[in-house]
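Below is one structure; the comments refer to it alone.
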Amino acid sequence: VEIVAGVCPWTADVVRSARQMGYRRVVLNTHGPALASPPVLQSLLRAGVDAFRLTLLATRSERHDALTGVHGALPSVLAALTAVAGSAPLEVVVPLLRGNLPATRRIARRTLALPRSTTLVLLFPRPIERPDGVSLAPLARLEVAARYAALAGLLAVEAGRNVRIEGIPLCLLPPALHVHATPIDGKAARPAPCRACELADPCSGTWDRYLELVGTGELRPRPGLVTSLVSHSSAG
């Protein structure tokens, strides 16, 4: 089970409850700064956390402050990453946002300083659902995010690191990264342009909600052999 929560006095109780319910693996997905404290980190490990999933939005304070709205938090986030990586399996999640895309490769390079067991997760986030509607404002366009994800992902792969890419279809990634693309929640129907794509079966696609709002024009389906032969025959 994955628990998405801030680190507060009751977080360890939630972890213990998950263990008592029979979950064999507990992953804590959190924003991280409090984990720089050894007593806090150790209390969560004793409670039963098996692995952590922490977000890193930037490596420069001014950009991190702008994206999080919290002044001066970056040093604690970086300290938490270092502390967790030395104590438990760690996934560093880098959301691919309009505000941090140019720094994506720099962020990936920063994760190379962590233990080799660390996994870099390049995530194209789902649209934000709000009471007054859906917000796409923080998001980059899918095809643009894919280009930056490819640069960061290849950097990490070439360094021999673990990489996962979430929310980006295979047709927008270089072949060397196809094995690193992983399924996401929130993707159900296969869009019409993808049905004849030779990558359709292994592809985990992107968020249905994003395609509903933006359309499928950014996708680059690759016709399979049968489709190509039929198209060639029709053209002749």
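Identifiers in this document derive from the order of the structure tokens: chains are assigned A, B, ..., residues are numbered from 1 separately in each chain, and ligands are numbered from 1 in order of occurrence.
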Practice problem: Would you return as a ChimeraX atom specification the members of stretch 30-152 of chain A that DSSP assigns to helix (DSSP H, G or I) on this structure's backbone? | Solution: /A:33-36,38-47,61-68,74-85,101-111,142-152
Exercise. Please return as a VMD selection string: the residues of stretch 38-203 of chain A that backbone DSSP assigns to strand (DSSP E or B).
Key: chain A and resid 51 to 55 90 to 95 97 119 to 123 128 to 130 133 to 135 139 162 to 166 181 to 182 197
Residues of the last selection are to be written out with N, CA and C atoms, as a CSV table (one decimal), in the first residue's frame.
```
chain,number,residue,atom,x,y,z
A,51,ALA,N,9.6,1.7,2.2
A,51,ALA,CA,10.3,2.5,1.2
A,51,ALA,C,9.6,3.9,1.2
A,52,PHE,N,10.3,4.9,0.7
A,52,PHE,CA,9.8,6.3,0.6
A,52,PHE,C,9.8,6.7,-0.8
A,53,ARG,N,8.8,7.6,-1.0
A,53,ARG,CA,8.7,8.3,-2.4
A,53,ARG,C,8.6,9.8,-2.1
A,54,LEU,N,9.7,10.5,-2.4
A,54,LEU,CA,9.8,11.9,-2.1
A,54,LEU,C,9.9,12.7,-3.3
A,55,THR,N,9.3,13.9,-3.3
A,55,THR,CA,9.2,14.8,-4.5
A,55,THR,C,10.4,15.8,-4.4
A,90,LEU,N,14.5,4.4,-1.8
A,90,LEU,CA,13.9,5.7,-2.1
A,90,LEU,C,13.6,5.9,-3.6
A,91,GLU,N,12.5,6.5,-3.8
A,91,GLU,CA,12.1,7.0,-5.2
A,91,GLU,C,12.1,8.5,-5.1
A,92,VAL,N,12.8,9.2,-5.9
A,92,VAL,CA,12.8,10.6,-6.0
A,92,VAL,C,11.9,11.0,-7.2
A,93,VAL,N,10.8,11.6,-6.9
A,93,VAL,CA,9.8,11.9,-8.0
A,93,VAL,C,10.0,13.3,-8.4
A,94,VAL,N,10.2,13.5,-9.7
A,94,VAL,CA,10.3,14.8,-10.3
A,94,VAL,C,9.1,15.1,-11.2
A,95,PRO,N,8.1,15.9,-10.7
A,95,PRO,CA,7.0,16.2,-11.6
A,95,PRO,C,7.5,17.1,-12.7
A,97,LEU,N,6.8,19.9,-14.7
A,97,LEU,CA,5.9,21.1,-14.7
A,97,LEU,C,6.4,22.2,-15.6
A,119,THR,N,15.9,5.4,-7.0
A,119,THR,CA,15.2,5.4,-8.3
A,119,THR,C,14.7,6.8,-8.6
A,120,LEU,N,15.0,7.2,-9.8
A,120,LEU,CA,14.5,8.5,-10.3
A,120,LEU,C,13.2,8.3,-11.1
A,121,VAL,N,12.2,9.0,-10.6
A,121,VAL,CA,10.8,8.9,-11.3
A,121,VAL,C,10.5,10.2,-11.9
A,122,LEU,N,10.4,10.2,-13.3
A,122,LEU,CA,10.0,11.3,-14.0
A,122,LEU,C,8.5,11.2,-14.3
A,123,LEU,N,7.7,12.1,-13.7
A,123,LEU,CA,6.3,12.0,-13.7
A,123,LEU,C,5.6,13.2,-14.5
A,128,ILE,N,-5.1,18.9,-12.4
A,128,ILE,CA,-5.6,19.1,-11.1
A,128,ILE,C,-7.1,19.4,-11.1
A,129,GLU,N,-7.8,18.6,-10.3
A,129,GLU,CA,-9.3,18.7,-10.2
A,129,GLU,C,-9.5,19.6,-9.0
A,130,ARG,N,-10.3,20.7,-9.3
A,130,ARG,CA,-10.7,21.7,-8.2
A,130,ARG,C,-12.2,21.8,-8.2
A,133,GLY,N,-13.4,23.6,-11.2
A,133,GLY,CA,-13.0,23.1,-12.6
A,133,GLY,C,-11.7,22.4,-12.5
A,134,VAL,N,-11.2,22.1,-13.7
A,134,VAL,CA,-9.9,21.5,-13.9
A,134,VAL,C,-8.8,22.5,-14.2
A,135,SER,N,-7.7,22.4,-13.6
A,135,SER,CA,-6.6,23.4,-13.9
A,135,SER,C,-5.4,22.7,-14.6
A,139,LEU,N,0.8,22.6,-15.7
A,139,LEU,CA,1.3,21.5,-16.5
A,139,LEU,C,2.0,22.1,-17.8
A,162,ASN,N,18.6,3.6,-11.7
A,162,ASN,CA,17.2,3.1,-11.9
A,162,ASN,C,16.3,4.3,-12.3
A,163,VAL,N,15.6,4.1,-13.3
A,163,VAL,CA,14.7,5.2,-13.8
A,163,VAL,C,13.3,4.6,-14.1
A,164,ARG,N,12.3,5.4,-13.7
A,164,ARG,CA,10.9,5.1,-14.1
A,164,ARG,C,10.3,6.4,-14.7
A,165,ILE,N,9.5,6.2,-15.8
A,165,ILE,CA,8.9,7.3,-16.4
A,165,ILE,C,7.4,7.0,-16.4
A,166,GLU,N,6.6,8.0,-15.8
A,166,GLU,CA,5.2,7.8,-15.6
A,166,GLU,C,4.4,8.9,-16.3
A,181,ALA,N,9.3,3.0,-19.0
A,181,ALA,CA,7.9,3.6,-18.9
A,181,ALA,C,7.1,2.6,-18.1
A,182,THR,N,6.3,3.1,-17.1
A,182,THR,CA,5.5,2.2,-16.2
A,182,THR,C,4.1,2.7,-16.2
A,197,CYS,N,-1.4,1.5,-33.4
A,197,CYS,CA,0.0,1.8,-33.2
A,197,CYS,C,0.7,0.5,-32.8
```
Practice problem: For each of A:Pro9, A:Gly160, A:Gly22, A:Gly86, take the minimum atom-to-atom distance to A:Ser43, counting only C-alpha atoms, then give the residue where this is smallest. | Solution: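 Selected residue with least distance to A:Ser43: A:Pro9.
Residues surrounding A:Ile184 within 12 Å are Leu123, Phe124, Pro125, Arg126, Arg164, Ile165, Glu166, Gly167, Ile168, Pro169, Ala188, Cys203, Ser204, Gly205, Thr206, Trp207 and Asp208 of chain A [only C-alpha atoms; sequence separation below 4 positions excluded].
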Quiz item: When distances are computed from only C-alpha atoms, which of A:Leu136, A:Leu81, A:Ile3, A:Ala113 shows the smallest separation from A:Arg16?
Solution: A:Ile3
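The closest residue to A:Ala140, picked from A:Arg220, A:Arg98, A:Arg209, A:His31 and counting only C-alpha atoms, is A:Arg98.
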Close residues, A:Ser61 itself excluded, 10 Å, only C-alpha atoms, min 5 positions apart in chain, as a CSV table (one decimal) with all heavy atoms, in the first residue's frame:
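Generated output (around_28.csv):
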```
chain,number,residue,atom,x,y,z
A,66,ALA,N,9.3,29.2,-5.5
A,66,ALA,CA,8.2,29.6,-6.4
A,66,ALA,C,7.2,28.5,-6.7
A,66,ALA,O,6.0,28.7,-6.7
A,66,ALA,CB,8.8,30.2,-7.7
A,67,LEU,N,7.7,27.3,-6.8
A,67,LEU,CA,6.9,26.2,-7.1
A,67,LEU,C,6.1,25.7,-5.9
A,67,LEU,O,5.0,25.2,-6.1
A,67,LEU,CB,7.7,25.0,-7.7
A,67,LEU,CG,8.3,25.3,-9.1
A,67,LEU,CD1,9.3,24.2,-9.5
A,67,LEU,CD2,7.1,25.4,-10.2
A,71,HIS,N,9.0,29.3,1.6
A,71,HIS,CA,10.3,29.9,1.5
A,71,HIS,C,11.3,29.1,2.3
A,71,HIS,O,11.1,28.8,3.4
A,71,HIS,CB,10.2,31.4,2.0
A,71,HIS,CG,11.6,32.1,2.0
A,71,HIS,ND1,12.1,32.5,0.8
A,71,HIS,CD2,12.4,32.4,3.0
A,71,HIS,CE1,13.3,33.1,1.1
A,71,HIS,NE2,13.5,33.0,2.4
A,72,GLY,N,12.4,28.9,1.6
A,72,GLY,CA,13.6,28.3,2.3
A,72,GLY,C,13.5,26.8,2.6
A,72,GLY,O,14.3,26.3,3.5
A,73,ALA,N,12.6,26.1,2.0
A,73,ALA,CA,12.4,24.7,2.3
A,73,ALA,C,13.4,23.7,1.6
A,73,ALA,O,13.6,22.6,2.1
A,73,ALA,CB,11.0,24.2,2.0
A,74,LEU,N,14.1,24.2,0.5
A,74,LEU,CA,14.9,23.3,-0.3
A,74,LEU,C,16.0,22.6,0.5
A,74,LEU,O,16.2,21.4,0.4
A,74,LEU,CB,15.5,24.0,-1.5
A,74,LEU,CG,16.3,23.2,-2.4
A,74,LEU,CD1,15.6,22.0,-2.9
A,74,LEU,CD2,16.9,24.0,-3.6
A,75,PRO,N,16.8,23.3,1.4
A,75,PRO,CA,17.9,22.7,2.1
A,75,PRO,C,17.4,21.5,2.9
A,75,PRO,O,18.0,20.4,3.0
A,75,PRO,CB,18.4,23.8,3.0
A,75,PRO,CG,18.2,25.0,2.2
A,75,PRO,CD,16.8,24.8,1.6
```
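Take the candidates A:Arg110, A:His180, A:Leu101, A:Ser117 and check each one against A:Arg147 using only C-alpha atoms; the shortest distance goes to A:Leu101.
Residues lying within 8 Å of A:Arg222, counting only C-alpha atoms and ignoring same-chain neighbours fewer than 3 positions away, are Cys171, Ala196, Cys197, Glu198 and Leu199 of chain A.
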Practice problem: Mind giving me the straight-line distance from atom CA of A:Ala88 to atom CA of A:Ala5 in Å, one decimal? | Solution: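 Atom CA of A:Ala5 lies 17.7 Å from atom CA of A:Ala88.
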Exercise. For each of A:Ser76, A:Arg195, A:Ala108, A:Leu172, take the minimum atom-to-atom distance to A:His64, counting only C-alpha atoms, then give the residue where this is smallest.
Key: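 Nearest candidate to A:His64 out of A:Ser76, A:Arg195, A:Ala108, A:Leu172: A:Ser76.
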Quiz item: Quick one: of A:Val157, A:Ser87, A:Thr82, A:Val214, who's nearest to A:His178, counting only C-alpha atoms?
Solution: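 Smallest separation from A:His178 among the options: A:Val157.
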